[in-house]
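See below for entry.txt, which holds compact mmCIF, C-alpha atoms.
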```txt
# COMPACT_ATOMS: atom_id res chain seq x y z
CA MET A 1250 92.17 40.37 -34.93
CA ARG A 1251 91.32 43.98 -34.12
CA GLY A 1252 91.55 44.98 -30.48
CA GLN A 1253 90.97 48.15 -28.52
CA PRO A 1254 93.77 50.48 -27.39
CA ASN A 1255 93.51 51.60 -23.77
CA LYS A 1256 95.20 54.60 -22.21
CA ILE A 1257 97.86 53.84 -19.60
CA SER A 1258 96.70 55.21 -16.25
CA LEU A 1259 99.04 57.09 -13.89
CA PRO A 1260 99.27 54.19 -11.38
CA ARG A 1261 100.11 51.77 -14.21
CA ARG A 1262 102.68 54.22 -15.60
CA LEU A 1263 104.28 54.25 -12.16
CA ILE A 1264 104.65 50.46 -12.22
CA ILE A 1265 106.10 50.61 -15.74
CA ASP A 1266 108.69 53.15 -14.58
CA LEU A 1267 109.40 51.06 -11.48
CA MET A 1268 109.98 47.90 -13.53
CA ARG A 1269 112.29 49.77 -15.91
CA ALA A 1270 114.31 51.04 -12.93
CA SER A 1271 114.52 47.51 -11.50
CA MET A 1272 115.82 45.83 -14.65
CA GLY A 1273 119.49 46.50 -13.94
CA VAL A 1274 119.52 45.28 -10.33
CA PRO A 1275 121.23 41.86 -9.89
CA PHE A 1276 118.73 40.37 -7.48
CA VAL A 1277 119.12 37.05 -5.71
CA SER A 1278 116.73 35.63 -3.14
CA LEU A 1279 116.58 33.41 -0.10
CA SER A 1280 113.42 31.79 1.26
CA ARG A 1281 112.93 30.23 4.67
CA SER A 1282 110.08 28.97 6.83
CA LEU A 1283 110.00 30.86 10.16
CA ASN A 1284 108.44 29.41 13.30
CA ILE A 1285 106.34 32.21 14.80
CA ARG A 1286 104.34 30.43 17.50
CA PRO A 1287 105.05 33.05 20.25
CA LEU A 1288 104.06 35.86 17.87
CA LEU A 1289 100.81 34.13 16.93
CA GLU A 1290 99.93 33.58 20.59
CA ALA A 1291 100.60 37.25 21.39
CA ARG A 1292 98.62 38.44 18.38
CA ALA A 1293 95.67 36.18 19.20
CA GLY A 1294 95.42 37.70 22.68
CA ALA A 1295 95.95 41.34 21.70
CA ALA A 1296 93.05 43.77 21.91
CA ALA A 1297 94.06 45.53 18.69
CA PRO A 1298 96.54 43.35 16.77
CA ALA A 1299 98.62 45.06 14.11
CA GLY A 1300 98.56 43.87 10.52
CA TRP A 1301 101.23 41.57 9.15
CA ALA A 1302 102.83 44.24 6.97
CA ALA A 1303 103.33 46.51 9.98
CA MET A 1304 104.88 43.71 12.01
CA PHE A 1305 107.34 42.80 9.27
CA VAL A 1306 108.21 46.46 8.64
CA LYS A 1307 109.12 47.05 12.27
CA ALA A 1308 110.83 43.69 12.74
CA PHE A 1309 113.09 44.17 9.71
CA ALA A 1310 113.88 47.75 10.77
CA LEU A 1311 114.84 46.53 14.26
CA VAL A 1312 117.20 43.99 12.72
CA ALA A 1313 118.61 46.70 10.41
CA ARG A 1314 119.29 48.94 13.41
CA ASP A 1315 122.06 46.53 14.40
CA GLU A 1316 123.00 45.44 10.86
CA PRO A 1317 124.26 48.45 8.85
CA VAL A 1318 124.35 46.41 5.64
CA LEU A 1319 120.53 46.39 5.70
CA ARG A 1320 120.64 50.19 5.52
CA THR A 1321 123.09 50.25 2.63
CA VAL A 1322 122.25 51.09 -0.99
CA TYR A 1323 124.26 50.92 -4.21
CA ALA A 1324 124.69 54.35 -5.80
CA LYS A 1325 126.38 55.24 -9.11
CA TRP A 1326 126.91 59.00 -8.83
CA PRO A 1327 129.27 60.83 -8.53
CA TRP A 1328 131.07 57.45 -8.62
CA PRO A 1329 129.96 53.88 -7.80
CA MET A 1330 129.72 53.42 -4.04
CA LEU A 1331 127.89 51.67 -1.21
CA TYR A 1332 126.02 54.37 0.69
CA GLU A 1333 124.98 53.66 4.29
CA LEU A 1334 121.79 55.38 5.45
CA PRO A 1335 121.55 56.53 9.10
CA LYS A 1336 118.10 54.97 9.53
CA SER A 1337 115.77 52.57 7.80
CA VAL A 1338 113.14 53.79 5.36
CA ALA A 1339 110.48 51.26 4.42
CA LEU A 1340 108.33 51.22 1.31
CA VAL A 1341 105.15 49.16 1.70
CA ALA A 1342 103.28 48.01 -1.39
CA VAL A 1343 99.66 49.04 -0.80
CA ALA A 1344 96.88 47.59 -2.95
CA ARG A 1345 94.20 50.13 -3.91
CA VAL A 1346 91.47 50.70 -6.45
CA GLU A 1347 91.71 53.98 -8.37
CA GLY A 1348 89.17 54.89 -11.05
CA GLY A 1349 87.88 51.32 -11.06
CA GLU A 1350 91.39 49.94 -11.69
CA GLU A 1351 93.33 47.78 -9.24
CA CYS A 1352 96.78 49.22 -8.60
CA VAL A 1353 99.69 49.23 -6.17
CA MET A 1354 101.12 52.36 -4.54
CA PRO A 1355 104.24 52.65 -2.34
CA GLN A 1356 103.69 54.00 1.16
CA GLN A 1357 106.85 55.33 2.80
CA ILE A 1358 107.55 54.84 6.51
CA ALA A 1359 110.69 56.55 7.81
CA ALA A 1360 112.56 55.15 10.83
CA PRO A 1361 109.98 52.46 11.67
CA GLU A 1362 112.33 51.06 14.31
CA THR A 1363 111.52 54.15 16.45
CA MET A 1364 107.75 54.06 15.89
CA ALA A 1365 105.04 52.29 17.83
CA LEU A 1366 103.69 49.26 16.02
CA ALA A 1367 100.19 50.76 16.15
CA ALA A 1368 101.43 53.93 14.41
CA ILE A 1369 103.04 51.94 11.58
CA ASP A 1370 99.85 49.93 11.19
CA ALA A 1371 97.74 53.12 11.11
CA ASP A 1372 99.94 54.63 8.36
CA ILE A 1373 99.56 51.51 6.21
CA ARG A 1374 95.80 51.25 6.75
CA ARG A 1375 95.31 54.94 5.96
CA ALA A 1376 97.26 54.54 2.73
CA LYS A 1377 94.76 51.88 1.62
CA THR A 1378 91.72 54.13 1.86
CA ALA A 1379 92.69 57.82 1.99
CA PRO A 1380 92.52 59.89 -1.22
CA ILE A 1381 95.86 59.95 -3.05
CA ASP A 1382 96.24 63.69 -2.48
CA GLU A 1383 96.07 63.18 1.30
CA VAL A 1384 99.02 60.74 1.44
CA PRO A 1385 102.35 62.62 1.16
CA MET A 1386 104.27 59.78 -0.54
CA PHE A 1387 101.49 59.26 -3.07
CA ARG A 1388 101.42 62.97 -3.92
CA LYS A 1389 105.18 62.99 -4.36
CA ILE A 1390 105.35 59.94 -6.62
CA MET A 1391 102.33 61.03 -8.69
CA ARG A 1392 103.92 64.43 -9.34
CA ALA A 1393 106.94 62.67 -10.82
CA THR A 1394 104.74 60.25 -12.77
CA ARG A 1395 102.85 63.13 -14.43
CA LEU A 1396 106.06 64.61 -15.86
CA PRO A 1397 106.79 64.29 -19.59
CA LEU A 1398 108.90 61.24 -20.40
CA PRO A 1399 112.33 63.00 -20.63
CA LEU A 1400 111.83 64.80 -17.30
CA ARG A 1401 110.46 61.62 -15.73
CA ARG A 1402 113.55 59.70 -16.80
CA LEU A 1403 115.76 62.46 -15.35
CA SER A 1404 113.93 62.49 -12.01
CA TRP A 1405 114.21 58.70 -11.73
CA ALA A 1406 117.91 58.85 -12.63
CA ILE A 1407 118.55 61.37 -9.84
CA GLY A 1408 116.50 59.37 -7.35
CA LEU A 1409 118.24 56.11 -8.25
CA ASN A 1410 121.87 57.13 -8.56
CA PHE A 1411 122.60 59.50 -5.67
CA GLY A 1412 122.83 57.68 -2.33
CA ARG A 1413 120.93 60.24 -0.27
CA GLN A 1414 118.16 60.65 -2.84
CA ARG A 1415 117.86 56.89 -3.28
CA GLY A 1416 117.01 56.63 0.40
CA ASN A 1417 114.49 59.47 0.12
CA TRP A 1418 112.74 58.05 -2.95
CA PHE A 1419 113.10 54.29 -2.75
CA GLY A 1420 113.93 53.63 0.89
CA SER A 1421 116.30 51.05 2.32
CA PHE A 1422 113.88 48.12 2.08
CA ALA A 1423 110.44 47.22 0.78
CA VAL A 1424 107.67 44.94 2.02
CA SER A 1425 105.24 43.31 -0.40
CA SER A 1426 102.88 40.35 -0.01
CA VAL A 1427 99.79 38.76 -1.53
CA ALA A 1428 99.06 36.68 1.59
CA ALA A 1429 95.75 38.53 2.08
CA TYR A 1430 94.56 36.99 -1.19
CA GLY A 1431 95.67 33.41 -0.50
CA GLY A 1432 98.83 31.34 -0.54
CA GLY A 1433 101.75 31.64 -2.93
CA GLU A 1434 105.40 32.63 -2.80
CA LEU A 1435 105.86 36.14 -4.19
CA HIS A 1436 109.24 37.26 -5.57
CA PRO A 1437 108.68 40.98 -6.25
CA ILE A 1438 111.27 43.35 -7.67
CA THR A 1439 111.98 47.02 -7.01
CA PRO A 1440 115.11 49.14 -7.53
CA GLY A 1441 116.24 47.62 -4.24
CA PRO A 1442 118.24 47.01 -2.24
CA PHE A 1443 116.10 44.69 -0.04
CA ILE A 1444 112.58 43.32 -0.47
CA VAL A 1445 110.77 41.25 2.13
CA SER A 1446 107.77 39.12 1.20
CA TYR A 1447 105.76 36.73 3.38
CA GLY A 1448 103.11 34.08 2.79
CA VAL A 1449 100.18 32.79 4.80
CA VAL A 1450 100.51 31.25 8.26
CA GLU A 1451 100.64 27.47 7.97
CA PRO A 1452 98.86 25.02 10.30
CA ASP A 1453 102.21 24.20 11.96
CA GLN A 1454 102.53 27.89 12.99
CA THR A 1455 105.20 28.71 10.46
CA ILE A 1456 105.28 31.39 7.77
CA GLN A 1457 107.32 31.42 4.56
CA VAL A 1458 109.49 34.53 4.21
CA VAL A 1459 111.45 35.56 1.13
CA ILE A 1460 114.20 38.18 1.10
CA ARG A 1461 115.42 39.44 -2.28
CA TRP A 1462 118.48 41.64 -2.27
CA ASP A 1463 120.90 43.51 -4.49
CA HIS A 1464 123.93 41.22 -4.75
CA ARG A 1465 126.17 44.26 -5.18
CA VAL A 1466 125.39 45.20 -1.57
CA THR A 1467 125.84 41.89 0.26
CA ASP A 1468 125.98 38.11 -0.06
CA GLY A 1469 123.87 35.13 0.96
CA ALA A 1470 125.44 34.29 4.34
CA PRO A 1471 124.51 37.64 5.98
CA ILE A 1472 120.94 37.31 4.68
CA ALA A 1473 120.69 33.80 6.16
CA ARG A 1474 121.67 35.29 9.52
CA VAL A 1475 119.15 38.11 9.01
CA LEU A 1476 116.32 35.59 8.57
CA THR A 1477 117.32 33.90 11.84
CA ARG A 1478 117.40 37.25 13.60
CA LEU A 1479 114.08 38.26 12.00
CA GLU A 1480 112.42 35.17 13.47
CA GLN A 1481 113.81 36.07 16.90
CA VAL A 1482 112.62 39.69 16.72
CA LEU A 1483 109.12 38.69 15.62
CA ASN A 1484 108.84 36.29 18.55
CA THR A 1485 110.32 38.65 21.16
CA GLU A 1486 110.16 42.44 20.58
CA ILE A 1487 107.14 42.39 18.28
CA ALA A 1488 105.27 39.82 20.37
CA ALA A 1489 106.01 41.81 23.54
CA GLU A 1490 104.66 45.01 21.99
CA LEU A 1491 101.46 43.21 21.00
CA ARG A 1492 101.04 41.95 24.56
CA ALA A 1493 101.57 45.46 25.90
CA THR A 1494 98.46 46.68 24.05
CA GLY A 1495 96.35 44.78 26.56
CA PRO A 1496 94.38 41.55 26.36
CA LYS A 1497 91.43 41.03 24.08
CA PRO A 1498 88.20 41.80 25.99
CA ILE A 1499 86.25 38.76 27.12
CA ARG A 1500 82.64 38.77 25.96
CA ALA A 1501 80.06 37.57 28.43
CA VAL A 1502 77.90 34.70 27.18
CA GLY A 1503 74.24 35.04 28.00
CA THR A 1504 72.42 32.09 29.50
```
Any chance you could put this one into structure tokens?
Amino acid sequence: MRGQPNKISLPRRLIIDLMRASMGVPFVSLSRSLNIRPLLEARAGAAAPAGWAAMFVKAFALVARDEPVLRTVYAKWPWPMLYELPKSVALVAVARVEGGEECVMPQQIAAPETMALAAIDADIRRAKTAPIDEVPMFRKIMRATRLPLPLRRLSWAIGLNFGRQRGNWFGSFAVSSVAAYGGGELHPITPGPFIVSYGVVEPDQTIQVVIRWDHRVTDGAPIARVLTRLEQVLNTEIAAELRATGPKPIRAVGT
């Protein structure tokens, strides 16, 4: 059967490079249902509620502020080591359409634990619609993706294997979800070291959260504690910030 060859677009080439870089990471995962009733109540009453990705980005970064292991990456050069970053750097998987093709691009958010929730949300929303050339992280990653294969492999090797550069290129954690398109438990992979994914809110006011992590960095027991702490932060700090934005305006009903 004769088919038709199609050229690989730059966004698809990026994903191919990303999957190649992720192949050697020994990922394990832990999934748990979190009760987020206080967060849902705060979000329902907020005048301008932040998106779910923004809330999980800030919540995880707040947990990582007190848990250095969540800011630790595995680096190979100049010798194998665990490299602790001074702050969190999030990579958010942003779904876009480029040239008629659906694709995913990584938006970088540095030190989200110090940012207002509204600012994180604005960065993510802008990354969904702004031209690629107007988003600094997109420009950076597309420059590397346009390189010839040998230079592209070299740039990825540098970004992956030096601790400082790994933080600059791939961050300390990633957030990815398909909840906006319906239910389902997503287990994404990246070069690591931590990936957070969340599902849809269930009728019992719970949400399924999955954390995948590089087993070279930490073990299951700390991640179990992280999920407990993540639930607490969502229901306290994040909920409080939503309430601080002011109540949703009440519309008068004509008679």
Q) Mind listing as a list in words all residues within 10 Å of (115.1, 49.0, 9.6), counting all atoms listed in the file? A) Phe1305, Val1306, Lys1307, Ala1308, Phe1309, Ala1310, Leu1311, Val1312, Ala1313, Arg1314, Asp1315, Glu1316, Pro1317, Leu1319, Arg1320, Pro1335, Lys1336, Ser1337, Val1338, Ala1339, Ala1359, Ala1360, Pro1361, Glu1362, Thr1363, Gly1420, Ser1421 and Phe1422 of chain A
Around all the atoms of segment 1272-1291 of chain A listed in the file, draw an axis-aligned box and extend it by 3 Å on each of the six sides; I want its centre and edge lengths in Å to one decimal, as lines of an AutoDock Vina configuration file.
```
center_x = 110.6
center_y = 37.7
center_z = 3.4
size_x = 27.3
size_y = 23.5
size_z = 42.0
```
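Within 12 Å of the point (106.4, 64.3, -7.8) in file coordinates, and counting all atoms listed in the file, lie the residues A:Leu1259, A:Leu1263, A:Asp1382, A:Pro1385, A:Met1386, A:Phe1387, A:Arg1388, A:Lys1389, A:Ile1390, A:Met1391, A:Arg1392, A:Ala1393, A:Thr1394, A:Arg1395, A:Leu1396, A:Pro1397, A:Leu1400, A:Arg1401, A:Ser1404, A:Trp1405, A:Gly1408, A:Trp1418.
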Q. Which residues, written as number ranges by chain, have at least one atom at most 8 Å from segment 1457-1460 of chain A, with only C-alpha atoms counted and residues fewer than 5 positions away on the same chain left out?
A. A: 1278-1283, 1434-1436, 1443-1450, 1472
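Interatomic distance, atom CA of Leu1340 of chain A against atom CA of Pro1355 of chain A: 5.7 Å.
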**Q.** Contact residues around Pro1298 of chain A with all atoms listed in the file at 9 Å, ignoring same-chain residues under 6 positions, as a ChimeraX atom specification
**A.** /A:1291-1292,1367,1491,1494
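Take the candidates A:Gly1416, A:Pro1399, A:Pro1380, A:Gly1431 and check each one against Gly1348 of chain A using only C-alpha atoms; the shortest distance goes to A:Pro1380.
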